[in-house]
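Visitor: Supplied structure: protein06.pdb, PDB, C-alpha atoms, pLDDT in the B column.
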```pdb
ATOM      1  CA  MET A   1      43.981 -16.988  13.314  1.00 42.00           C
ATOM      2  CA  ARG A   2      45.216 -13.484  12.553  1.00 42.00           C
ATOM      3  CA  ARG A   3      46.138 -14.570   9.013  1.00 46.00           C
ATOM      4  CA  LEU A   4      42.708 -16.144   8.530  1.00 38.00           C
ATOM      5  CA  LEU A   5      40.917 -12.982   9.637  1.00 32.00           C
ATOM      6  CA  SER A   6      43.070 -10.902   7.310  1.00 36.00           C
ATOM      7  CA  LEU A   7      42.264 -13.218   4.422  1.00 35.00           C
ATOM      8  CA  LEU A   8      38.514 -13.058   5.117  1.00 33.00           C
ATOM      9  CA  LEU A   9      38.651  -9.268   5.305  1.00 31.00           C
ATOM     10  CA  PHE A  10      40.498  -9.142   1.981  1.00 32.00           C
ATOM     11  CA  ILE A  11      37.891 -11.358   0.321  1.00 32.00           C
ATOM     12  CA  TYR A  12      35.018  -9.215   1.638  1.00 32.00           C
ATOM     13  CA  VAL A  13      36.591  -5.936   0.517  1.00 31.00           C
ATOM     14  CA  ALA A  14      37.831  -7.240  -2.834  1.00 34.00           C
ATOM     15  CA  CYS A  15      34.557  -8.999  -3.687  1.00 37.00           C
ATOM     16  CA  PRO A  16      31.695  -6.848  -2.403  1.00 38.00           C
ATOM     17  CA  SER A  17      29.407  -8.035  -5.210  1.00 40.00           C
ATOM     18  CA  GLN A  18      29.245 -11.457  -3.580  1.00 42.00           C
ATOM     19  CA  SER A  19      27.377  -9.989  -0.635  1.00 45.00           C
ATOM     20  CA  ARG A  20      25.209  -7.740  -2.791  1.00 50.00           C
ATOM     21  CA  ALA A  21      24.200 -10.698  -4.959  1.00 71.00           C
ATOM     22  CA  GLN A  22      21.802 -11.492  -2.122  1.00 90.00           C
ATOM     23  CA  GLU A  23      20.494  -7.926  -1.885  1.00 97.00           C
ATOM     24  CA  VAL A  24      17.305  -6.427  -3.329  1.00 98.00           C
ATOM     25  CA  LEU A  25      17.253  -2.714  -4.095  1.00 98.00           C
ATOM     26  CA  ILE A  26      13.891  -0.913  -3.866  1.00 98.00           C
ATOM     27  CA  VAL A  27      13.789   2.485  -5.584  1.00 98.00           C
ATOM     28  CA  ALA A  28      10.797   4.522  -4.418  1.00 98.00           C
ATOM     29  CA  ASP A  29       9.276   7.947  -3.938  1.00 98.00           C
ATOM     30  CA  GLU A  30       6.610   6.737  -1.474  1.00 97.00           C
ATOM     31  CA  PHE A  31       8.160   4.790   1.355  1.00 97.00           C
ATOM     32  CA  HIS A  32       5.711   3.345   3.881  1.00 98.00           C
ATOM     33  CA  ALA A  33       4.392   0.629   1.580  1.00 98.00           C
ATOM     34  CA  MET A  34       7.943  -0.228   0.545  1.00 98.00           C
ATOM     35  CA  GLN A  35       9.041  -0.572   4.156  1.00 98.00           C
ATOM     36  CA  VAL A  36       6.271  -3.125   4.636  1.00 98.00           C
ATOM     37  CA  LEU A  37       7.249  -4.918   1.423  1.00 98.00           C
ATOM     38  CA  ALA A  38      10.944  -4.917   2.342  1.00 98.00           C
ATOM     39  CA  ALA A  39      10.230  -6.495   5.714  1.00 98.00           C
ATOM     40  CA  GLN A  40       8.133  -9.190   4.050  1.00 98.00           C
ATOM     41  CA  ILE A  41      10.804 -10.016   1.467  1.00 98.00           C
ATOM     42  CA  GLU A  42      13.473 -10.291   4.147  1.00 98.00           C
ATOM     43  CA  ALA A  43      11.257 -12.532   6.295  1.00 98.00           C
ATOM     44  CA  ASP A  44      10.247 -14.801   3.401  1.00 98.00           C
ATOM     45  CA  THR A  45      13.450 -15.040   1.340  1.00 96.00           C
ATOM     46  CA  ARG A  46      16.285 -13.990   3.674  1.00 92.00           C
ATOM     47  CA  LEU A  47      17.448 -11.578   0.997  1.00 97.00           C
ATOM     48  CA  LYS A  48      18.606  -8.247   2.343  1.00 97.00           C
ATOM     49  CA  THR A  49      16.681  -5.189   1.119  1.00 98.00           C
ATOM     50  CA  THR A  50      17.710  -1.562   0.727  1.00 98.00           C
ATOM     51  CA  ILE A  51      15.297   1.290  -0.010  1.00 98.00           C
ATOM     52  CA  MET A  52      16.428   4.561  -1.579  1.00 98.00           C
ATOM     53  CA  GLY A  53      15.247   7.414  -3.769  1.00 98.00           C
ATOM     54  CA  GLN A  54      16.071   7.543  -7.461  1.00 98.00           C
ATOM     55  CA  THR A  55      18.652  10.314  -6.992  1.00 97.00           C
ATOM     56  CA  GLU A  56      20.628   8.088  -4.622  1.00 98.00           C
ATOM     57  CA  ILE A  57      21.051   4.974  -6.749  1.00 97.00           C
ATOM     58  CA  PRO A  58      24.621   4.023  -7.741  1.00 97.00           C
ATOM     59  CA  ALA A  59      25.994   4.350 -11.251  1.00 96.00           C
ATOM     60  CA  SER A  60      25.738   0.589 -11.755  1.00 96.00           C
ATOM     61  CA  LEU A  61      23.026  -1.696 -10.413  1.00 98.00           C
ATOM     62  CA  ALA A  62      24.629  -4.890 -11.708  1.00 96.00           C
ATOM     63  CA  SER A  63      25.482  -6.318  -8.296  1.00 95.00           C
ATOM     64  CA  TYR A  64      21.871  -6.468  -7.031  1.00 97.00           C
ATOM     65  CA  ARG A  65      19.912  -9.722  -7.071  1.00 97.00           C
ATOM     66  CA  ALA A  66      16.802  -7.735  -8.046  1.00 98.00           C
ATOM     67  CA  VAL A  67      15.805  -4.088  -8.411  1.00 98.00           C
ATOM     68  CA  MET A  68      12.208  -3.108  -7.603  1.00 98.00           C
ATOM     69  CA  VAL A  69      10.774   0.220  -8.784  1.00 98.00           C
ATOM     70  CA  TYR A  70       7.886   2.024  -7.045  1.00 98.00           C
ATOM     71  CA  LEU A  71       7.788   5.549  -8.466  1.00 98.00           C
ATOM     72  CA  HIS A  72       4.524   7.467  -8.468  1.00 97.00           C
ATOM     73  CA  GLY A  73       5.831  10.802  -9.713  1.00 96.00           C
ATOM     74  CA  GLU A  74       8.534  11.694 -12.204  1.00 97.00           C
ATOM     75  CA  LEU A  75      10.868   8.983 -13.469  1.00 98.00           C
ATOM     76  CA  GLN A  76      14.090  10.904 -13.937  1.00 98.00           C
ATOM     77  CA  ALA A  77      16.053  10.198 -17.107  1.00 98.00           C
ATOM     78  CA  GLY A  78      19.162   9.137 -15.194  1.00 98.00           C
ATOM     79  CA  ALA A  79      17.259   6.489 -13.236  1.00 98.00           C
ATOM     80  CA  GLU A  80      15.298   5.441 -16.324  1.00 98.00           C
ATOM     81  CA  HIS A  81      18.452   4.617 -18.240  1.00 98.00           C
ATOM     82  CA  LYS A  82      20.071   2.842 -15.282  1.00 98.00           C
ATOM     83  CA  PHE A  83      17.031   0.579 -14.971  1.00 98.00           C
ATOM     84  CA  ILE A  84      17.079  -0.183 -18.703  1.00 98.00           C
ATOM     85  CA  GLN A  85      20.806  -0.903 -18.657  1.00 98.00           C
ATOM     86  CA  TYR A  86      20.466  -3.102 -15.580  1.00 98.00           C
ATOM     87  CA  ALA A  87      17.804  -5.294 -17.205  1.00 98.00           C
ATOM     88  CA  ASN A  88      19.478  -5.503 -20.605  1.00 98.00           C
ATOM     89  CA  GLU A  89      22.779  -6.548 -19.016  1.00 97.00           C
ATOM     90  CA  GLY A  90      21.231  -9.425 -17.082  1.00 97.00           C
ATOM     91  CA  GLY A  91      19.385  -7.878 -14.151  1.00 97.00           C
ATOM     92  CA  ASN A  92      16.021  -8.794 -12.640  1.00 98.00           C
ATOM     93  CA  LEU A  93      13.907  -5.612 -12.777  1.00 98.00           C
ATOM     94  CA  VAL A  94      10.555  -5.719 -10.932  1.00 98.00           C
ATOM     95  CA  LEU A  95       8.177  -2.817 -11.654  1.00 99.00           C
ATOM     96  CA  LEU A  96       5.300  -2.115  -9.290  1.00 98.00           C
ATOM     97  CA  HIS A  97       1.966  -0.393  -9.877  1.00 98.00           C
ATOM     98  CA  HIS A  98       2.495   3.244 -10.945  1.00 97.00           C
ATOM     99  CA  SER A  99       5.947   2.571 -12.383  1.00 98.00           C
ATOM    100  CA  ILE A 100       3.807   2.217 -15.510  1.00 98.00           C
ATOM    101  CA  SER A 101       1.372   5.140 -15.489  1.00 97.00           C
ATOM    102  CA  SER A 102       0.471   8.254 -17.458  1.00 96.00           C
ATOM    103  CA  ARG A 103       3.261  10.361 -15.921  1.00 96.00           C
ATOM    104  CA  LYS A 104       5.795   8.048 -17.590  1.00 98.00           C
ATOM    105  CA  ARG A 105       4.589   9.113 -21.033  1.00 97.00           C
ATOM    106  CA  GLU A 106       7.006  12.021 -20.552  1.00 96.00           C
ATOM    107  CA  ASN A 107       9.993   9.654 -20.631  1.00 98.00           C
ATOM    108  CA  LYS A 108      11.789   9.220 -23.919  1.00 96.00           C
ATOM    109  CA  ASP A 109      12.627   5.518 -23.756  1.00 98.00           C
ATOM    110  CA  TRP A 110      10.596   3.904 -20.961  1.00 98.00           C
ATOM    111  CA  PHE A 111       7.503   2.705 -22.832  1.00 98.00           C
ATOM    112  CA  ASN A 112       9.502   1.725 -25.927  1.00 98.00           C
ATOM    113  CA  PHE A 113      11.734  -0.405 -23.705  1.00 98.00           C
ATOM    114  CA  LEU A 114       8.722  -2.069 -22.080  1.00 98.00           C
ATOM    115  CA  HIS A 115       6.803  -2.466 -25.366  1.00 98.00           C
ATOM    116  CA  ILE A 116       3.729  -0.856 -23.880  1.00 98.00           C
ATOM    117  CA  GLU A 117       1.373   1.984 -24.760  1.00 98.00           C
ATOM    118  CA  LEU A 118      -1.146   3.885 -22.651  1.00 98.00           C
ATOM    119  CA  PRO A 119      -3.464   5.233 -25.366  1.00 98.00           C
ATOM    120  CA  ASN A 120      -4.262   8.896 -24.867  1.00 97.00           C
ATOM    121  CA  ARG A 121      -7.882   8.891 -26.048  1.00 97.00           C
ATOM    122  CA  PRO A 122     -11.341   8.508 -24.482  1.00 97.00           C
ATOM    123  CA  LEU A 123     -12.015   5.376 -22.461  1.00 95.00           C
ATOM    124  CA  ALA A 124     -14.891   4.425 -24.780  1.00 93.00           C
ATOM    125  CA  GLU A 125     -12.380   4.348 -27.652  1.00 96.00           C
ATOM    126  CA  GLY A 126      -9.921   2.118 -25.780  1.00 95.00           C
ATOM    127  CA  GLY A 127      -8.031   4.872 -24.012  1.00 97.00           C
ATOM    128  CA  TYR A 128      -6.024   4.319 -20.857  1.00 98.00           C
ATOM    129  CA  ALA A 129      -7.762   5.140 -17.580  1.00 97.00           C
ATOM    130  CA  TYR A 130      -7.404   4.615 -13.844  1.00 97.00           C
ATOM    131  CA  PHE A 131     -10.055   4.290 -11.151  1.00 97.00           C
ATOM    132  CA  ASP A 132      -9.593   4.946  -7.436  1.00 97.00           C
ATOM    133  CA  PRO A 133     -10.762   3.943  -4.885  1.00 97.00           C
ATOM    134  CA  VAL A 134     -12.263   0.751  -6.261  1.00 98.00           C
ATOM    135  CA  GLY A 135     -12.150  -2.993  -5.865  1.00 98.00           C
ATOM    136  CA  PHE A 136     -10.919  -5.402  -8.507  1.00 98.00           C
ATOM    137  CA  GLU A 137      -9.887  -9.026  -8.930  1.00 98.00           C
ATOM    138  CA  VAL A 138      -6.729 -10.686 -10.216  1.00 98.00           C
ATOM    139  CA  VAL A 139      -6.572 -14.162 -11.757  1.00 98.00           C
ATOM    140  CA  ASN A 140      -3.733 -16.567 -12.424  1.00 98.00           C
ATOM    141  CA  LEU A 141      -3.179 -16.904 -16.181  1.00 97.00           C
ATOM    142  CA  ALA A 142       0.017 -18.962 -15.893  1.00 98.00           C
ATOM    143  CA  PRO A 143      -0.780 -22.104 -13.890  1.00 96.00           C
ATOM    144  CA  GLY A 144       2.391 -23.783 -15.142  1.00 94.00           C
ATOM    145  CA  ASN A 145       4.690 -20.916 -14.184  1.00 97.00           C
ATOM    146  CA  ALA A 146       6.626 -20.972 -10.908  1.00 97.00           C
ATOM    147  CA  ILE A 147       6.086 -17.237 -10.332  1.00 98.00           C
ATOM    148  CA  THR A 148       2.345 -17.668  -9.878  1.00 98.00           C
ATOM    149  CA  THR A 149       2.352 -21.167  -8.385  1.00 97.00           C
ATOM    150  CA  ARG A 150       5.387 -21.796  -6.135  1.00 98.00           C
ATOM    151  CA  GLY A 151       4.007 -21.375  -2.634  1.00 98.00           C
ATOM    152  CA  VAL A 152       1.107 -19.242  -3.949  1.00 98.00           C
ATOM    153  CA  LYS A 153      -2.338 -19.943  -2.503  1.00 97.00           C
ATOM    154  CA  PHE A 154      -5.206 -18.078  -4.148  1.00 98.00           C
ATOM    155  CA  ASP A 155      -8.247 -17.819  -1.898  1.00 93.00           C
ATOM    156  CA  HIS A 156     -11.104 -18.232  -4.412  1.00 96.00           C
ATOM    157  CA  THR A 157     -11.997 -18.737  -8.074  1.00 98.00           C
ATOM    158  CA  ILE A 158     -13.126 -15.967 -10.414  1.00 98.00           C
ATOM    159  CA  PRO A 159     -15.023 -16.220 -13.738  1.00 97.00           C
ATOM    160  CA  TYR A 160     -12.704 -14.779 -16.396  1.00 97.00           C
ATOM    161  CA  ALA A 161     -12.530 -14.714 -20.185  1.00 96.00           C
ATOM    162  CA  SER A 162      -9.221 -14.163 -21.945  1.00 88.00           C
ATOM    163  CA  PRO A 163      -9.057 -12.711 -24.538  1.00 83.00           C
ATOM    164  CA  GLU A 164     -12.262 -10.741 -25.038  1.00 71.00           C
ATOM    165  CA  GLY A 165     -14.892 -12.949 -26.596  1.00 75.00           C
ATOM    166  CA  ALA A 166     -13.491 -16.207 -25.214  1.00 85.00           C
ATOM    167  CA  VAL A 167     -15.584 -18.506 -23.027  1.00 90.00           C
ATOM    168  CA  GLU A 168     -15.426 -17.639 -19.342  1.00 94.00           C
ATOM    169  CA  LYS A 169     -13.603 -20.066 -17.084  1.00 95.00           C
ATOM    170  CA  LYS A 170     -13.250 -20.126 -13.317  1.00 97.00           C
ATOM    171  CA  LEU A 171      -9.643 -19.305 -12.522  1.00 98.00           C
ATOM    172  CA  PRO A 172      -7.842 -19.103  -9.181  1.00 98.00           C
ATOM    173  CA  GLY A 173      -7.480 -15.532  -8.012  1.00 98.00           C
ATOM    174  CA  THR A 174      -7.592 -12.939  -5.271  1.00 98.00           C
ATOM    175  CA  SER A 175      -9.272  -9.572  -4.636  1.00 98.00           C
ATOM    176  CA  PHE A 176      -8.107  -6.066  -3.771  1.00 98.00           C
ATOM    177  CA  GLN A 177     -10.335  -3.421  -2.181  1.00 98.00           C
ATOM    178  CA  GLU A 178     -10.338   0.384  -1.867  1.00 98.00           C
ATOM    179  CA  THR A 179      -7.324   0.707  -4.155  1.00 98.00           C
ATOM    180  CA  GLU A 180      -6.479   1.749  -7.727  1.00 98.00           C
ATOM    181  CA  VAL A 181      -6.830  -0.148 -10.986  1.00 98.00           C
ATOM    182  CA  TYR A 182      -5.565   0.617 -14.496  1.00 98.00           C
ATOM    183  CA  VAL A 183      -7.389  -0.372 -17.674  1.00 98.00           C
ATOM    184  CA  ASN A 184      -6.342  -0.470 -21.319  1.00 98.00           C
ATOM    185  CA  HIS A 185      -2.634  -1.056 -21.015  1.00 98.00           C
ATOM    186  CA  VAL A 186      -1.707  -2.015 -24.590  1.00 98.00           C
ATOM    187  CA  LEU A 187       1.102  -4.577 -24.758  1.00 97.00           C
ATOM    188  CA  SER A 188       3.174  -5.258 -27.852  1.00 94.00           C
ATOM    189  CA  GLY A 189       5.968  -7.733 -28.394  1.00 88.00           C
ATOM    190  CA  PRO A 190       6.306 -11.210 -26.888  1.00 92.00           C
ATOM    191  CA  ARG A 191       6.134 -11.653 -23.120  1.00 97.00           C
ATOM    192  CA  ILE A 192       4.898 -14.169 -20.580  1.00 98.00           C
ATOM    193  CA  VAL A 193       1.499 -13.109 -19.267  1.00 98.00           C
ATOM    194  CA  LEU A 194       1.121 -14.052 -15.608  1.00 98.00           C
ATOM    195  CA  LEU A 195      -1.984 -12.342 -14.215  1.00 98.00           C
ATOM    196  CA  GLY A 196      -5.235 -10.926 -15.543  1.00 98.00           C
ATOM    197  CA  VAL A 197      -7.312  -8.122 -14.053  1.00 98.00           C
ATOM    198  CA  LYS A 198     -11.102  -8.104 -13.768  1.00 98.00           C
ATOM    199  CA  TYR A 199     -12.745  -4.799 -12.919  1.00 98.00           C
ATOM    200  CA  THR A 200     -16.406  -3.761 -13.024  1.00 97.00           C
ATOM    201  CA  ASP A 201     -17.054  -0.042 -13.378  1.00 95.00           C
ATOM    202  CA  PRO A 202     -19.720   0.714 -10.739  1.00 93.00           C
ATOM    203  CA  LYS A 203     -21.042   3.681 -12.735  1.00 91.00           C
ATOM    204  CA  THR A 204     -21.626   1.925 -16.052  1.00 93.00           C
ATOM    205  CA  GLY A 205     -21.566  -1.759 -15.143  1.00 95.00           C
ATOM    206  CA  LYS A 206     -18.953  -2.373 -17.850  1.00 95.00           C
ATOM    207  CA  VAL A 207     -16.675  -5.300 -17.050  1.00 96.00           C
ATOM    208  CA  PHE A 208     -13.004  -5.071 -18.027  1.00 96.00           C
ATOM    209  CA  MET A 209     -11.113  -8.365 -18.270  1.00 97.00           C
ATOM    210  CA  GLN A 210      -7.574  -7.766 -19.482  1.00 97.00           C
ATOM    211  CA  ASP A 211      -4.370  -9.810 -19.438  1.00 97.00           C
ATOM    212  CA  THR A 212      -2.320  -6.958 -18.008  1.00 98.00           C
ATOM    213  CA  ALA A 213      -2.116  -7.331 -14.208  1.00 98.00           C
ATOM    214  CA  GLY A 214       1.225  -9.121 -14.255  1.00 98.00           C
ATOM    215  CA  TRP A 215       3.764 -10.163 -16.855  1.00 98.00           C
ATOM    216  CA  LEU A 216       7.389 -11.133 -17.504  1.00 98.00           C
ATOM    217  CA  LEU A 217       9.314  -9.544 -20.379  1.00 98.00           C
ATOM    218  CA  PRO A 218      12.721 -10.999 -21.320  1.00 97.00           C
ATOM    219  CA  THR A 219      14.992  -8.199 -22.529  1.00 97.00           C
ATOM    220  CA  GLY A 220      18.634  -8.468 -23.540  1.00 96.00           C
ATOM    221  CA  LYS A 221      20.300 -10.769 -21.012  1.00 97.00           C
ATOM    222  CA  GLY A 222      17.799  -9.960 -18.259  1.00 97.00           C
ATOM    223  CA  ASP A 223      14.139  -9.764 -17.404  1.00 98.00           C
ATOM    224  CA  VAL A 224      11.444  -7.254 -16.470  1.00 98.00           C
ATOM    225  CA  PHE A 225       8.430  -8.055 -14.308  1.00 98.00           C
ATOM    226  CA  TYR A 226       5.402  -5.813 -13.921  1.00 99.00           C
ATOM    227  CA  PHE A 227       2.650  -6.102 -11.322  1.00 99.00           C
ATOM    228  CA  MET A 228      -0.278  -3.681 -11.359  1.00 98.00           C
ATOM    229  CA  MET A 229      -1.271  -4.053  -7.689  1.00 98.00           C
ATOM    230  CA  GLY A 230       0.218  -1.820  -5.030  1.00 98.00           C
ATOM    231  CA  HIS A 231      -1.557   1.519  -4.718  1.00 98.00           C
ATOM    232  CA  ARG A 232      -2.190   0.911  -1.011  1.00 98.00           C
ATOM    233  CA  THR A 233       0.081  -0.671   1.573  1.00 98.00           C
ATOM    234  CA  GLU A 234      -2.626  -3.261   2.188  1.00 98.00           C
ATOM    235  CA  ASP A 235      -2.239  -4.531  -1.378  1.00 98.00           C
ATOM    236  CA  PHE A 236       1.194  -5.892  -0.490  1.00 98.00           C
ATOM    237  CA  GLU A 237      -0.252  -7.727   2.507  1.00 97.00           C
ATOM    238  CA  ASP A 238      -2.401  -9.972   0.301  1.00 98.00           C
ATOM    239  CA  ALA A 239      -0.965 -13.457   0.904  1.00 98.00           C
ATOM    240  CA  ALA A 240      -0.978 -14.603  -2.732  1.00 98.00           C
ATOM    241  CA  TYR A 241       0.540 -11.357  -4.031  1.00 98.00           C
ATOM    242  CA  ARG A 242       3.168 -11.398  -1.292  1.00 98.00           C
ATOM    243  CA  ARG A 243       4.362 -14.815  -2.401  1.00 98.00           C
ATOM    244  CA  ILE A 244       4.296 -13.854  -6.094  1.00 98.00           C
ATOM    245  CA  LEU A 245       6.631 -10.944  -5.343  1.00 98.00           C
ATOM    246  CA  ASP A 246       8.925 -13.242  -3.371  1.00 98.00           C
ATOM    247  CA  ASN A 247       9.107 -15.526  -6.394  1.00 98.00           C
ATOM    248  CA  ALA A 248       9.821 -12.589  -8.713  1.00 98.00           C
ATOM    249  CA  VAL A 249      12.795 -11.250  -6.739  1.00 98.00           C
ATOM    250  CA  GLU A 250      14.244 -14.762  -6.461  1.00 97.00           C
ATOM    251  CA  TYR A 251      13.738 -15.488 -10.167  1.00 97.00           C
ATOM    252  CA  ARG A 252      16.588 -16.685 -12.353  1.00 89.00           C
ATOM    253  CA  ARG A 253      16.218 -17.815 -15.956  1.00 83.00           C
TER     254      ARG A 253
END
```
For this file, produce the structure as structure tokens.
Guide:
Amino acid sequence: MRRLLSLLLFIYVACPSQSRAQEVLIVADEFHAMQVLAAQIEADTRLKTTIMGQTEIPASLASYRAVMVYLHGELQAGAEHKFIQYANEGGNLVLLHHSISSRKRENKDWFNFLHIELPNRPLAEGGYAYFDPVGFEVVNLAPGNAITTRGVKFDHTIPYASPEGAVEKKLPGTSFQETEVYVNHVLSGPRIVLLGVKYTDPKTGKVFMQDTAGWLLPTGKGDVFYFMMGHRTEDFEDAAYRRILDNAVEYRR
């Protein structure tokens, strides 16, 4: 028995990555919403979660099953490059809400890595903008994809046209209230579009329908997810979105 215990201890110490392979790292600068999300992921998937600030993350992230990023303020260059390296070397990087936002224009490599632009011009000319607090809707644009279908139950259908000028169809979706929406994310390069956003500006009545609320970008040996929802803690409590995030952290090519 003593020999068996010694052997098990040796295996655990010598192979710590085996335990971390079932661990999700959440890197954040606002923590209450992430505590709620972490509890949900652990309850739904049985993956362990760890939350830390970007100055605390280890030199290598390779041993984590998934890394989620929820950074409202500055994305420090050290963390930026660790996230990029992690994804390119085979990691599963899941970006939430303001991990793509105007503050990240200051980063040297972030938007080039993600093949995205937030145009810095007036809204009427296609410029990037955000609105808060508002309501908006999200539709499933990938009915054959496991991320948006496995265990996901959308609560109603929403008229949506994708791309602009196409005939509207009723698509399964869900709604978010009293939160923040982004419009005019410009995507370049191939990716798998998962979710569309539909937002009506209450001041002008203009309707924005854009295929930018959720996507999957293969990069190097790994993958990057982005999901626009998440400004408020309550966003993560939406049943359909909760399951989509579960599917994202469990994803393997």
Visitor: Can you list, as a list in words, every protein, DNA or RNA residue that comes within 9 Å of A:Ile192 when you count all atoms listed in the file, leaving out same-chain residues fewer than 2 positions away?
Guide: Ala142, Pro190, Leu194, Gly214, Trp215, Leu216, Leu217 and Pro218 of chain A
Visitor: Evaluate the PyMOL selection byres ((chain A and resi 239) around 9) against this structure - the residues, as a count of residues only, please.
Guide: 12
Visitor: Could you give me, as a list in words, the residues within 8 Å of A:Met228, counting all atoms listed in the file and dropping anything in the same chain fewer than 6 positions from it?
Guide: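 My reading of the contact set: Leu96, His97, His98, Val181, Tyr182, Thr212, Ala213 and Gly214 of chain A.
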Visitor: Restricting the calculation to only C-alpha atoms, which member of A:Val69, A:Leu75, A:Ala146, A:Ala21 is positioned closest to A:Val94?
Guide: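 So, comparing all the options, the nearest one is A:Val69.
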Visitor: Excluding same-chain residues fewer than 6 positions from stretch 32-41 of chain A, what lies within 8 Å of it counting only C-alpha atoms, as number ranges by chain?
Guide: A: 26, 47, 49-51, 70, 232-233, 236, 242, 246
Visitor: Would you mind reading off the distance between atom CA of A:His81 and atom CA of A:Arg253, one decimal, in Å?
Guide: 22.7 Å
Visitor: Once the PyMOL selection byres ((chain A and resi 59-68) around 7) has been evaluated on this model, what residues remain selected, and can you format them as a PyMOL selection string?
Guide: chain A and resi 17+20-27+57-58+69-70+86+91-95+249
Visitor: Quick one: axis-aligned box around all listed atoms of stretch 150-168 of chain A, 5 Å on every side, centre and edge lengths in Å to one decimal, written as JSON.
Guide:
```
{"center_x": -5.1, "center_y": -16.3, "center_z": -14.2, "size_x": 31.0, "size_y": 21.1, "size_z": 34.7}
```
Visitor: Given all atoms listed in the file as the basis, pick out the residue of A:Glu74, A:Glu89, A:Asp44, A:Glu56 nearest to A:Asp223.
Guide: A:Glu89
Visitor: In terms of the shortest atom-to-atom distance over all atoms listed in the file, which of A:Thr55, A:Asn145, A:Asn247, A:Asn184 is closest to A:Glu117?
Guide: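 Looking only at the distances to A:Glu117, the closest residue turns out to be A:Asn184.
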Visitor: Quick one: distance from atom CA of A:Tyr130 to atom CA of A:Phe225 in Å, one decimal?
Guide: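 Going from atom CA of A:Tyr130 over to atom CA of A:Phe225 covers 20.3 Å.
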Visitor: Atom CA of A:Ile147 and atom CA of A:Gln76 are how many Å apart?
Guide: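 Atom CA of A:Ile147 sits 29.5 Å away from atom CA of A:Gln76.
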Visitor: Could you check the closest approach to A:Ala129 for each of A:Arg46, A:Lys82, A:Lys170, A:His185 and tell me which residue wins, using all atoms listed in the file?
Guide: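 The answer is A:His185, which sits nearest to A:Ala129.
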Visitor: Under the rule that only C-alpha atoms are counted, which of A:Phe136, A:Phe31, A:Phe113, A:Phe176 is the nearest residue to A:His72?
Guide: A:Phe31
Visitor: Would you please work out which residue, of A:Gly78, A:Gly73, A:Gly230, A:Gly222, is nearest to A:Lys104 when using only C-alpha atoms?
Guide: A:Gly73
Visitor: Mind telling me what the PyMOL selection byres ((chain A and resi 158-165) around 9) catches here, as a PyMOL selection string?
Guide: chain A and resi 137-139+141+156-157+166-174+196-198+209-211
